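Student: What follows is entry.cif, made up of mmCIF, C-alpha atoms:
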```cif
data_coords
loop_
_atom_site.label_atom_id
_atom_site.label_comp_id
_atom_site.auth_asym_id
_atom_site.auth_seq_id
_atom_site.Cartn_x
_atom_site.Cartn_y
_atom_site.Cartn_z
CA GLU A 1 0.00 0.00 0.00
CA GLU A 2 2.84 2.39 0.83
CA SER A 3 4.46 1.58 -2.53
CA LEU A 4 1.19 2.29 -4.35
CA LEU A 5 0.75 5.57 -2.47
CA ARG A 6 4.28 6.72 -3.39
CA GLN A 7 3.50 6.06 -7.08
CA THR A 8 0.13 7.80 -6.95
CA ILE A 9 1.20 11.09 -5.27
CA PRO A 10 3.62 12.21 -8.04
CA THR A 11 0.99 11.37 -10.66
CA MET A 12 -1.62 13.45 -8.83
CA SER A 13 0.85 16.36 -8.45
CA ILE A 14 1.64 16.33 -12.18
CA SER A 15 -2.05 16.19 -13.05
CA LEU A 16 -2.83 19.08 -10.70
CA ALA A 17 0.01 21.17 -12.10
CA THR A 18 -1.17 20.46 -15.64
CA ALA A 19 -4.72 21.48 -14.74
CA LEU A 20 -3.54 24.74 -13.14
CA LEU A 21 -1.39 25.54 -16.15
CA PHE A 22 -4.37 24.93 -18.42
CA VAL A 23 -6.59 27.27 -16.35
CA VAL A 24 -3.94 30.00 -16.29
CA THR A 25 -3.43 29.68 -20.06
CA ILE A 26 -7.15 29.90 -20.79
CA THR A 27 -7.57 32.86 -18.38
CA SER A 28 -4.61 34.72 -19.86
CA SER A 29 -5.91 34.10 -23.37
CA PHE A 30 -9.33 35.42 -22.41
CA LEU A 31 -7.94 38.52 -20.74
CA SER A 32 -5.70 39.31 -23.67
CA THR A 33 -8.72 39.50 -25.97
CA SER A 34 -10.66 41.84 -23.70
CA VAL A 35 -8.35 44.14 -21.75
CA ARG A 36 -4.63 44.69 -22.11
CA VAL A 37 -2.89 47.00 -19.65
CA THR A 38 0.53 48.34 -20.53
CA ALA A 39 1.66 49.10 -17.01
CA PHE A 40 4.99 50.60 -17.94
CA ASN A 41 3.96 52.87 -20.79
CA ILE A 42 5.21 56.33 -19.85
CA VAL A 43 3.12 58.86 -21.75
CA VAL A 44 5.00 62.12 -22.09
CA PRO A 45 4.73 64.89 -24.70
CA CYS A 46 7.94 64.78 -26.73
CA ARG A 47 9.91 65.57 -23.59
CA ARG A 48 13.08 63.99 -24.91
CA HIS A 49 13.73 67.42 -26.42
CA ALA A 50 13.57 69.16 -23.03
CA ASP A 51 16.18 67.58 -20.78
CA THR A 52 15.51 69.80 -17.78
CA ARG A 53 11.83 68.82 -17.89
CA LEU A 54 12.34 65.07 -17.99
CA ALA A 55 12.17 65.02 -14.20
CA LEU A 56 8.53 66.05 -14.47
CA SER A 57 7.68 63.14 -16.74
CA SER A 58 8.90 60.22 -14.65
CA LEU A 59 5.44 58.96 -13.74
CA ALA A 60 3.91 56.03 -15.59
CA THR A 61 0.60 56.48 -17.38
CA PRO A 62 -1.20 53.22 -18.19
CA THR A 63 -2.83 52.75 -21.58
CA ILE A 64 -5.84 50.42 -21.60
CA MET A 65 -6.92 48.80 -24.86
CA THR A 66 -10.57 47.87 -25.27
CA PRO A 67 -12.51 46.71 -28.33
CA ASP A 68 -14.17 50.13 -28.65
CA ALA A 69 -11.50 52.69 -27.79
CA THR A 70 -7.97 53.34 -26.70
CA ILE A 71 -8.09 55.00 -23.30
CA THR A 72 -5.04 56.89 -22.14
CA THR A 73 -5.61 57.78 -18.51
CA PRO A 74 -4.55 61.28 -17.43
CA ASP A 75 -1.01 61.95 -16.25
CA THR A 76 -0.96 60.93 -12.59
CA ARG A 77 -0.47 64.56 -11.57
CA ILE A 78 -3.62 65.50 -13.50
CA SER A 79 -5.47 62.56 -11.94
CA ALA A 80 -4.34 63.87 -8.54
CA LEU A 81 -6.59 66.90 -9.08
CA ARG A 82 -9.34 64.53 -7.92
CA LYS A 83 -8.45 64.18 -4.23
CA ALA A 84 -9.37 61.13 -2.19
CA SER A 85 -10.33 63.44 0.67
CA LYS A 86 -13.09 64.96 -1.54
CA THR A 87 -11.67 68.43 -0.95
CA LEU A 88 -11.33 70.72 -3.93
CA SER A 89 -8.01 71.12 -5.68
CA VAL A 90 -7.28 74.61 -6.99
CA GLY A 91 -5.71 75.54 -10.32
CA ILE A 92 -4.32 79.02 -10.89
CA ASP A 93 -4.43 80.66 -14.32
CA ILE A 94 -1.39 82.83 -15.16
CA GLN A 95 -2.17 85.24 -17.96
CA PRO A 96 0.53 86.98 -20.03
CA SER A 97 0.97 90.58 -19.05
CA ALA A 98 3.23 93.54 -19.72
CA ASP A 99 3.96 93.49 -15.97
CA LEU A 100 4.87 89.81 -15.93
CA THR A 101 7.35 89.20 -18.71
CA THR A 102 10.78 88.35 -17.31
CA THR A 103 11.77 84.78 -16.59
CA SER A 104 12.79 85.65 -13.03
CA GLU A 105 9.38 87.18 -12.28
CA LEU A 106 7.57 84.17 -13.68
CA GLU A 107 9.77 81.71 -11.82
CA THR A 108 9.28 83.57 -8.54
CA LEU A 109 5.53 83.58 -9.06
CA SER A 110 5.58 79.87 -9.94
CA MET A 111 7.53 79.01 -6.79
CA ASN A 112 5.24 81.02 -4.50
CA LEU A 113 2.06 79.59 -6.03
CA ARG A 114 3.40 76.10 -5.35
CA LYS A 115 4.18 77.03 -1.75
CA SER A 116 0.73 78.60 -1.37
CA GLY A 117 -0.93 75.24 -2.00
CA ALA A 118 -1.98 75.42 -5.64
CA SER A 119 -2.63 72.02 -7.24
CA ALA A 120 -1.99 73.00 -10.86
CA LEU A 121 -0.96 75.98 -12.97
CA TYR A 122 -2.62 76.93 -16.26
CA THR A 123 -1.59 79.39 -18.97
CA ARG A 124 -2.35 80.22 -22.58
CA SER A 125 1.13 81.71 -23.13
CA ILE A 126 4.05 79.65 -24.43
CA THR A 127 6.48 82.10 -22.79
CA VAL A 128 4.82 81.67 -19.41
CA LEU A 129 4.58 77.91 -19.94
CA GLU A 130 8.30 77.50 -20.60
CA ALA A 131 9.39 79.60 -17.62
CA VAL A 132 6.97 77.95 -15.21
CA LEU A 133 7.89 74.44 -16.38
CA GLU A 134 11.56 75.25 -15.82
CA GLU A 135 10.89 76.40 -12.26
CA GLN A 136 8.60 73.49 -11.41
CA ALA A 137 11.21 71.01 -12.66
CA ALA A 138 13.62 72.42 -10.08
CA ALA A 139 11.21 71.35 -7.32
CA VAL A 140 11.61 67.61 -7.97
CA GLY A 141 12.63 65.91 -4.72
CA THR A 142 11.41 68.77 -2.52
CA PHE A 143 8.17 69.53 -0.70
CA PRO A 144 5.88 70.69 -2.07
CA GLY A 145 6.84 68.94 -5.28
CA PRO A 146 6.35 70.14 -8.86
CA LEU A 147 2.86 71.01 -10.04
CA PRO A 148 1.31 70.01 -13.36
CA VAL A 149 1.46 72.90 -15.82
CA VAL A 150 -1.43 72.87 -18.29
CA TYR A 151 -1.53 74.80 -21.57
CA THR A 152 -4.82 76.45 -22.54
CA GLY A 153 -3.80 78.25 -25.74
CA SER A 154 -3.93 77.27 -29.39
CA ASP A 155 -0.26 76.51 -30.21
CA ILE A 156 -0.54 72.88 -29.13
CA GLU A 157 2.57 71.59 -30.95
CA ARG A 158 4.86 74.13 -29.26
CA ALA A 159 3.28 73.41 -25.90
CA ILE A 160 3.87 69.69 -26.33
CA ALA A 161 7.48 70.29 -27.37
CA ALA A 162 7.96 72.52 -24.32
CA GLY A 163 6.80 69.71 -22.04
CA ALA A 164 3.30 70.76 -20.98
CA SER A 165 1.71 68.34 -18.52
CA SER A 166 -1.52 68.53 -20.52
CA CYS A 167 -3.38 70.74 -22.97
CA VAL A 168 -6.98 71.92 -22.75
CA LEU A 169 -8.66 71.26 -26.09
CA PRO A 170 -12.01 72.41 -27.47
CA TRP A 171 -14.66 69.97 -28.58
CA GLY A 172 -13.63 68.10 -31.72
CA ALA A 173 -9.94 68.95 -31.48
CA SER A 174 -7.17 66.40 -31.13
CA ILE A 175 -3.51 66.31 -30.19
CA PRO A 176 -1.24 66.69 -33.28
CA SER A 177 0.90 63.75 -34.34
CA CYS A 178 3.96 63.47 -32.16
CA GLU A 179 6.70 61.03 -31.27
CA SER A 180 4.81 60.32 -28.05
CA GLU A 181 1.42 61.11 -26.62
CA ILE A 182 -0.07 63.58 -24.17
CA SER A 183 -3.30 63.08 -22.24
CA PRO A 184 -5.48 66.10 -23.07
CA MET A 185 -8.21 67.79 -21.06
CA TYR A 186 -11.37 68.79 -22.93
CA ARG A 187 -13.59 71.85 -22.64
CA VAL A 188 -17.23 70.84 -22.26
CA ASN A 189 -20.51 72.64 -21.66
CA SER A 190 -23.01 69.86 -20.97
CA SER A 191 -23.49 66.29 -19.83
CA SER A 192 -23.91 65.18 -23.44
CA ASP A 193 -20.46 66.63 -24.22
CA VAL A 194 -18.96 64.66 -21.33
CA GLU A 195 -20.65 61.41 -22.33
CA ALA A 196 -19.62 61.69 -25.97
CA LEU A 197 -15.98 62.50 -25.18
CA TYR A 198 -15.76 59.86 -22.46
CA ALA A 199 -16.78 57.25 -25.02
CA THR A 200 -13.76 58.25 -27.14
CA GLY A 201 -11.35 57.84 -24.21
CA ALA A 202 -11.31 61.33 -22.61
CA ARG A 203 -10.82 61.29 -18.86
CA ALA A 204 -10.34 64.96 -17.87
CA PHE A 205 -12.95 67.67 -18.44
CA VAL A 206 -12.84 71.46 -18.03
CA ILE A 207 -16.41 72.62 -17.53
CA SER A 208 -17.58 76.15 -18.22
CA ASP A 209 -19.48 77.83 -15.40
CA SER A 210 -23.06 77.90 -16.71
CA PRO A 211 -26.54 76.72 -15.69
CA GLU A 212 -25.63 73.31 -17.16
CA ALA A 213 -22.42 72.98 -15.15
CA GLU A 214 -23.94 70.91 -12.36
CA SER A 215 -25.42 68.28 -14.67
CA ALA A 216 -22.15 68.15 -16.63
CA ILE A 217 -20.16 67.53 -13.44
CA LEU A 218 -22.60 64.86 -12.30
CA SER A 219 -22.07 63.03 -15.59
CA VAL A 220 -18.29 62.80 -15.13
CA PRO A 221 -17.49 59.18 -14.09
CA ASP A 222 -15.53 58.36 -10.95
CA ASP A 223 -12.40 57.48 -12.93
CA SER A 224 -12.22 60.98 -14.43
CA VAL A 225 -11.44 64.54 -13.36
CA SER A 226 -13.92 67.44 -13.44
CA VAL A 227 -12.55 71.00 -13.42
CA LEU A 228 -14.88 74.00 -13.11
CA GLU A 229 -13.52 77.11 -14.84
CA VAL A 230 -14.66 80.32 -13.12
CA ASP A 231 -13.66 83.97 -13.27
CA SER A 232 -11.47 85.14 -10.41
CA MET A 233 -12.19 88.08 -8.08
CA GLN A 234 -15.97 88.02 -8.41
CA ASP A 235 -18.22 90.18 -6.24
CA ASN A 236 -18.54 88.83 -2.69
CA GLN A 237 -16.17 85.97 -3.56
CA ALA A 238 -18.94 84.33 -5.60
CA GLU A 239 -16.41 82.02 -7.28
CA VAL A 240 -15.68 80.43 -3.89
CA GLU A 241 -19.37 79.87 -3.09
CA ARG A 242 -20.04 78.49 -6.56
CA ALA A 243 -17.21 75.95 -6.47
CA GLN A 244 -17.95 74.83 -2.93
CA SER A 245 -21.63 74.42 -3.75
CA LEU A 246 -20.86 72.25 -6.79
CA ARG A 247 -18.40 70.19 -4.80
CA SER A 248 -21.15 69.39 -2.29
CA SER A 249 -23.95 68.83 -4.79
CA SER A 250 -22.18 67.09 -7.65
CA GLY A 251 -18.72 65.95 -6.54
CA LEU A 252 -16.64 68.58 -8.37
CA SER A 253 -12.94 67.60 -8.39
CA SER A 254 -11.17 70.88 -9.03
CA VAL A 255 -11.62 74.56 -9.79
CA LEU A 256 -9.65 76.68 -12.28
CA LEU A 257 -9.49 80.36 -11.35
CA ARG A 258 -9.33 82.15 -14.69
CA GLY A 259 -7.24 85.34 -14.66
CA ALA A 260 -6.06 84.82 -11.09
CA CYS A 261 -2.54 86.08 -11.84
CA VAL A 262 -1.94 88.93 -14.27
CA GLY A 263 1.29 90.47 -12.99
CA ASP A 264 -0.05 93.01 -10.51
CA GLY A 265 0.44 93.40 -6.75
CA GLU A 266 -2.55 91.23 -5.90
CA ASP A 267 -1.50 88.03 -7.67
CA LEU A 268 -0.27 86.11 -4.64
CA GLU A 269 -2.64 87.75 -2.19
CA TYR A 270 -5.63 86.62 -4.19
CA ALA A 271 -4.23 83.18 -4.98
CA ALA A 272 -3.47 82.48 -1.31
CA PHE A 273 -6.92 83.72 -0.25
CA ALA A 274 -8.73 81.64 -2.87
CA ILE A 275 -6.75 78.46 -2.21
CA SER A 276 -7.39 78.75 1.54
CA ALA A 277 -11.08 79.57 1.12
CA LEU A 278 -11.68 76.75 -1.35
CA THR A 279 -9.80 74.01 0.46
CA LYS A 280 -10.50 74.67 4.13
CA LYS A 281 -13.69 74.69 6.16
CA LYS A 282 -13.38 78.22 7.40
CA SER A 283 -14.76 81.68 6.84
CA LYS A 284 -14.41 83.15 3.36
CA THR A 285 -12.83 86.25 4.88
CA PHE A 286 -9.49 87.27 3.48
CA ASN A 287 -6.82 85.52 5.51
CA MET A 288 -3.16 85.28 4.57
CA SER A 289 -0.55 82.84 5.81
CA GLY A 290 2.44 85.13 5.57
CA LEU A 291 2.72 85.54 1.81
CA THR A 292 2.17 88.98 0.37
CA ALA A 293 2.42 90.33 -3.13
CA SER A 294 5.84 91.75 -2.30
CA THR A 295 7.24 88.25 -2.79
CA ASN A 296 6.72 88.46 -6.54
CA GLY A 297 8.39 91.82 -6.90
CA HIS A 298 5.27 93.94 -7.41
CA GLY A 299 4.79 95.41 -3.98
CA GLY A 300 2.54 94.05 -1.27
CA GLY A 301 0.26 94.75 1.59
CA VAL A 302 -0.74 93.71 5.07
CA ALA A 303 -3.02 90.72 5.36
CA SER A 304 -6.56 91.59 6.32
CA LEU A 305 -9.10 89.54 8.23
CA CYS A 306 -12.09 91.20 6.64
CA ALA A 307 -13.80 90.43 3.34
CA ARG A 308 -11.64 91.87 0.59
CA THR A 309 -12.56 94.14 -2.29
CA TRP A 310 -9.85 93.73 -4.87
CA LEU A 311 -8.26 96.79 -6.41
CA ARG A 312 -7.88 94.98 -9.70
CA ARG A 313 -11.61 94.54 -9.92
CA GLN A 314 -12.26 98.16 -9.00
CA ASN A 315 -9.93 99.26 -11.78
CA ARG A 316 -11.97 97.24 -14.31
CA ILE A 317 -15.17 99.07 -13.45
#
```
The structure in this file should be written as structure tokens.

Tutor:
Amino acid sequence: EESLLRQTIPTMSISLATALLFVVTITSSFLSTSVRVTAFNIVVPCRRHADTRLALSSLATPTIMTPDATITTPDTRISALRKASKTLSVGIDIQPSADLTTTSELETLSMNLRKSGASALYTRSITVLEAVLEEQAAAVGTFPGPLPVVYTGSDIERAIAAGASSCVLPWGASIPSCESEISPMYRVNSSSDVEALYATGARAFVISDSPEAESAILSVPDDSVSVLEVDSMQDNQAEVERAQSLRSSSGLSSVLLRGACVGDGEDLEYAAFAISALTKKKSKTFNMSGLTASTNGHGGGVASLCARTWLRRQNRI
């Protein structure tokens, strides 16, 4: 009996191993026909031509192949605009200005916006983009680390060559042919826009502030990023109330403050106020954490604890 048992056990082991190998082979074959994940595909926008910016592109971006579409998930720093804590992330728009033209001014502004708690920087200017990318690259290995820098203008090829983290595209537009890919963000106005673009593989949406904004945000799936674009310095800080309301009602991921920085003495004051008001459960009164506009070379002022009326807005009227 012992002799028979010794002969049987190896046979059973071989049979079991063969069965397991068969199951694994069938499972792998099935998976390969439905979903293929390239876990080590680093998606960067032609950054081989910008050595100093390679440090910003060291994060892997998986590409998922399905029968219906090729889905390139957003750069992990863009995906991070959707915070697990459900708090809003804040993007600051830097607009080109006659008062904000030198590289040193732009780099100082970029550094201070990062230290103020911004989650992303946006610009429509290639000049601003290049200077800000250069400064953010220098922050690799420090805290806070480099921010994604998103291009919102029309010269997409130059932005990609410069190393933009992403580009905001209008409906129907696409990224030009390039040696490598970039994960774009798309401007949308309605839930139908979101649904149509999502079906083509889009996973990041910049939503215009309109009566349809709430339904558009609600239609953004959980694996995607929703960014509400609002004007900065509105009366009674209405941009803060609007973004917080949409975060509570529809799960808004992020807010983009259009025209937040234009090169005047209120750039950092306003950015610090807005970031604090949008990310913390506290009064919307103007409250600074030590940064003043003097840090960007345009003069400054003393932080106030009362609701602020911005001089920039008064000058527009």

Student: Between atom CA of A:Gln95 and atom CA of A:Ala139, what is the spacing in Å?

Tutor: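 Result for atom CA of A:Ala139 versus atom CA of A:Gln95: 22.0 Å, one decimal.
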
Student: When you count all atoms listed in the file, which of these residues is closest to A:Thr108: A:Glu212, A:Glu195, A:Glu135, A:Glu269?

Tutor: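 Checking each of A:Glu212, A:Glu195, A:Glu135, A:Glu269 against A:Thr108, counting all atoms listed in the file, the winner is A:Glu135.
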
Student: Need the shell around A:Ala84: protein/DNA/RNA residues with any atom at most 12 Å away, counting all atoms listed in the file. Skip same-chain ones fewer than 6 positions apart. Format as number ranges by chain?

Tutor: A: 222-223, 225, 251, 253

Student: Here's the selection I'm unsure about, the PyMOL selection byres ((chain A and resi 151) around 7); applied to the file above, which residues does it give, as a PyMOL selection string?

Tutor: chain A and resi 122-124+149-150+152-153+159+164+166-168

Student: Could those selected residues go to a file with C-alpha atoms, as a compact mmCIF listing (two decimals), in the frame of the given file?

Tutor:
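Full text of result24.txt as output:
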```txt
# COMPACT_ATOMS: atom_id res chain seq x y z
CA TYR A 122 -2.62 76.93 -16.26
CA THR A 123 -1.59 79.39 -18.97
CA ARG A 124 -2.35 80.22 -22.58
CA VAL A 149 1.46 72.90 -15.82
CA VAL A 150 -1.43 72.87 -18.29
CA THR A 152 -4.82 76.45 -22.54
CA GLY A 153 -3.80 78.25 -25.74
CA ALA A 159 3.28 73.41 -25.90
CA ALA A 164 3.30 70.76 -20.98
CA SER A 166 -1.52 68.53 -20.52
CA CYS A 167 -3.38 70.74 -22.97
CA VAL A 168 -6.98 71.92 -22.75
```

Student: Suppose a student applies the PyMOL selection byres ((chain A and resi 254) around 8) to this structure; what residues should they get, written as a VMD selection string?

Tutor: chain A and resid 81 to 82 88 to 91 225 to 228 252 to 253 255 to 256

Student: Atom CA of A:Ser110 to atom CA of A:Glu134: how many Å, to one decimal?

Tutor: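 Calculated distance between atom CA of A:Ser110 and atom CA of A:Glu134 is 9.6 Å.
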
Student: Go ahead and compute the interatomic distance for atom CA of A:Leu147 and atom CA of A:Leu129, in Å to one decimal.

Tutor: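 Going from atom CA of A:Leu147 over to atom CA of A:Leu129, I get 12.2 Å.
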
Student: Take every atom of stretch 258-274 of chain A listed in the file, pad by 8 Å on each side, and give me the axis-aligned box centre and edge lengths in Å, one decimal, as AutoDock Vina command-line options.

Tutor:
```
--center_x -4.0 --center_y 87.5 --center_z -7.5 --size_x 26.6 --size_y 27.8 --size_z 30.4
```

Student: Pull out every residue that the PyMOL selection byres ((chain A and resi 107) around 10) matches in the shown coordinates and put them as a ChimeraX atom specification.

Tutor: /A:102-106,108-113,128,130-136,296

Student: Using all atoms listed in the file, find the one residue out of A:Ala216, A:Ala274, A:Leu246, A:Met233 that sits nearest to A:Lys86.

Tutor: A:Leu246

Student: When distances are computed from all atoms listed in the file, which of A:Gly117, A:Ser79, A:Glu266, A:Thr279 shows the smallest separation from A:Val240?

Tutor: A:Thr279

Student: Show me as a PyMOL selection string the residues that reach within 6 Å of (-0.9, 68.3, -28.9), counting only C-alpha atoms and using the file's own coordinates.

Tutor: chain A and resi 156-157+160+175-176

Student: With only C-alpha atoms as the atoms that count, which of A:Ala202, A:Ala80, A:Leu121, A:Ile92 lies nearest to A:Asp231?

Tutor: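 Checking each candidate against A:Asp231, we get A:Ile92 as the closest.
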
Student: Which residue gives the smallest distance to A:Arg242 among A:Pro170, A:Gly145, A:Pro211, A:Gly265, with only C-alpha atoms counted?

Tutor: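 Looking only at the distances to A:Arg242, the closest residue turns out to be A:Pro211.
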
Student: Please determine, counting all atoms listed in the file, which residue among A:Ala204, A:Leu268, A:Ala162, A:Ile126 has the shortest atom-to-atom distance to A:Thr101.

Tutor: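 Of the candidates, the smallest distance to A:Thr101 is held by A:Ile126.
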
Student: How would you write as a PyMOL selection string the residues that get within 6 Å of (-7.5, 83.6, -18.4) in the file's frame, counting all atoms listed in the file?

Tutor: chain A and resi 93+95+258-259

Student: For A:Arg312, find every residue with an atom within 10 Å (counting all atoms listed in the file), except residues of its own chain fewer than 2 positions away, and show them as a PyMOL selection string.

Tutor: chain A and resi 233+262+264-267+309-310+314-317

Student: How would stretch 140-149 of chain A look with all heavy atoms restored, written as a PDB file, in the frame of the given file?

Tutor:
```pdb
ATOM      1  N   VAL A 140      11.616  69.067  -8.100  1.00  0.00           N
ATOM      2  CA  VAL A 140      11.610  67.610  -7.970  1.00  0.00           C
ATOM      3  C   VAL A 140      12.462  67.215  -6.759  1.00  0.00           C
ATOM      4  O   VAL A 140      13.576  67.696  -6.582  1.00  0.00           O
ATOM      5  CB  VAL A 140      12.166  66.944  -9.242  1.00  0.00           C
ATOM      6  CG1 VAL A 140      12.346  65.446  -9.032  1.00  0.00           C
ATOM      7  CG2 VAL A 140      11.239  67.201 -10.410  1.00  0.00           C
ATOM      8  N   GLY A 141      11.908  66.357  -5.905  1.00  0.00           N
ATOM      9  CA  GLY A 141      12.630  65.910  -4.720  1.00  0.00           C
ATOM     10  C   GLY A 141      12.468  66.804  -3.528  1.00  0.00           C
ATOM     11  O   GLY A 141      13.072  66.560  -2.474  1.00  0.00           O
ATOM     12  N   THR A 142      11.653  67.863  -3.642  1.00  0.00           N
ATOM     13  CA  THR A 142      11.410  68.770  -2.520  1.00  0.00           C
ATOM     14  C   THR A 142       9.933  68.716  -2.147  1.00  0.00           C
ATOM     15  O   THR A 142       9.122  68.067  -2.805  1.00  0.00           O
ATOM     16  CB  THR A 142      11.794  70.213  -2.883  1.00  0.00           C
ATOM     17  OG1 THR A 142      10.908  70.696  -3.911  1.00  0.00           O
ATOM     18  CG2 THR A 142      13.228  70.282  -3.375  1.00  0.00           C
ATOM     19  N   PHE A 143       9.573  69.411  -1.089  1.00  0.00           N
ATOM     20  CA  PHE A 143       8.170  69.530  -0.700  1.00  0.00           C
ATOM     21  C   PHE A 143       7.828  70.999  -0.536  1.00  0.00           C
ATOM     22  O   PHE A 143       8.541  71.720   0.154  1.00  0.00           O
ATOM     23  CB  PHE A 143       7.900  68.783   0.605  1.00  0.00           C
ATOM     24  CG  PHE A 143       6.450  68.852   1.013  1.00  0.00           C
ATOM     25  CD1 PHE A 143       5.524  67.957   0.479  1.00  0.00           C
ATOM     26  CD2 PHE A 143       6.006  69.828   1.901  1.00  0.00           C
ATOM     27  CE1 PHE A 143       4.190  68.031   0.832  1.00  0.00           C
ATOM     28  CE2 PHE A 143       4.670  69.907   2.247  1.00  0.00           C
ATOM     29  CZ  PHE A 143       3.765  69.005   1.715  1.00  0.00           C
ATOM     30  N   PRO A 144       6.741  71.439  -1.149  1.00  0.00           N
ATOM     31  CA  PRO A 144       5.880  70.690  -2.070  1.00  0.00           C
ATOM     32  C   PRO A 144       6.568  70.432  -3.408  1.00  0.00           C
ATOM     33  O   PRO A 144       7.384  71.236  -3.851  1.00  0.00           O
ATOM     34  CB  PRO A 144       4.654  71.589  -2.241  1.00  0.00           C
ATOM     35  CG  PRO A 144       5.179  72.968  -1.983  1.00  0.00           C
ATOM     36  CD  PRO A 144       6.258  72.825  -0.955  1.00  0.00           C
ATOM     37  N   GLY A 145       6.213  69.321  -4.022  1.00  0.00           N
ATOM     38  CA  GLY A 145       6.840  68.940  -5.280  1.00  0.00           C
ATOM     39  C   GLY A 145       6.286  69.704  -6.465  1.00  0.00           C
ATOM     40  O   GLY A 145       5.424  70.579  -6.310  1.00  0.00           O
ATOM     41  N   PRO A 146       6.771  69.409  -7.653  1.00  0.00           N
ATOM     42  CA  PRO A 146       6.350  70.140  -8.860  1.00  0.00           C
ATOM     43  C   PRO A 146       4.877  69.956  -9.171  1.00  0.00           C
ATOM     44  O   PRO A 146       4.312  68.890  -8.963  1.00  0.00           O
ATOM     45  CB  PRO A 146       7.225  69.519  -9.966  1.00  0.00           C
ATOM     46  CG  PRO A 146       7.641  68.191  -9.430  1.00  0.00           C
ATOM     47  CD  PRO A 146       7.757  68.350  -7.954  1.00  0.00           C
ATOM     48  N   LEU A 147       4.274  71.020  -9.662  1.00  0.00           N
ATOM     49  CA  LEU A 147       2.860  71.010 -10.040  1.00  0.00           C
ATOM     50  C   LEU A 147       2.716  70.697 -11.519  1.00  0.00           C
ATOM     51  O   LEU A 147       3.604  71.016 -12.317  1.00  0.00           O
ATOM     52  CB  LEU A 147       2.227  72.380  -9.760  1.00  0.00           C
ATOM     53  CG  LEU A 147       2.317  72.915  -8.341  1.00  0.00           C
ATOM     54  CD1 LEU A 147       1.683  74.315  -8.288  1.00  0.00           C
ATOM     55  CD2 LEU A 147       1.644  71.987  -7.358  1.00  0.00           C
ATOM     56  N   PRO A 148       1.590  70.116 -11.921  1.00  0.00           N
ATOM     57  CA  PRO A 148       1.310  70.010 -13.360  1.00  0.00           C
ATOM     58  C   PRO A 148       1.100  71.396 -13.943  1.00  0.00           C
ATOM     59  O   PRO A 148       0.496  72.265 -13.298  1.00  0.00           O
ATOM     60  CB  PRO A 148       0.034  69.164 -13.404  1.00  0.00           C
ATOM     61  CG  PRO A 148      -0.596  69.321 -12.062  1.00  0.00           C
ATOM     62  CD  PRO A 148       0.526  69.526 -11.095  1.00  0.00           C
ATOM     63  N   VAL A 149       1.605  71.617 -15.133  1.00  0.00           N
ATOM     64  CA  VAL A 149       1.460  72.900 -15.820  1.00  0.00           C
ATOM     65  C   VAL A 149       0.693  72.627 -17.109  1.00  0.00           C
ATOM     66  O   VAL A 149       1.174  71.919 -17.993  1.00  0.00           O
ATOM     67  CB  VAL A 149       2.818  73.551 -16.106  1.00  0.00           C
ATOM     68  CG1 VAL A 149       2.616  74.945 -16.702  1.00  0.00           C
ATOM     69  CG2 VAL A 149       3.661  73.637 -14.842  1.00  0.00           C
TER      70      VAL A 149
END
```
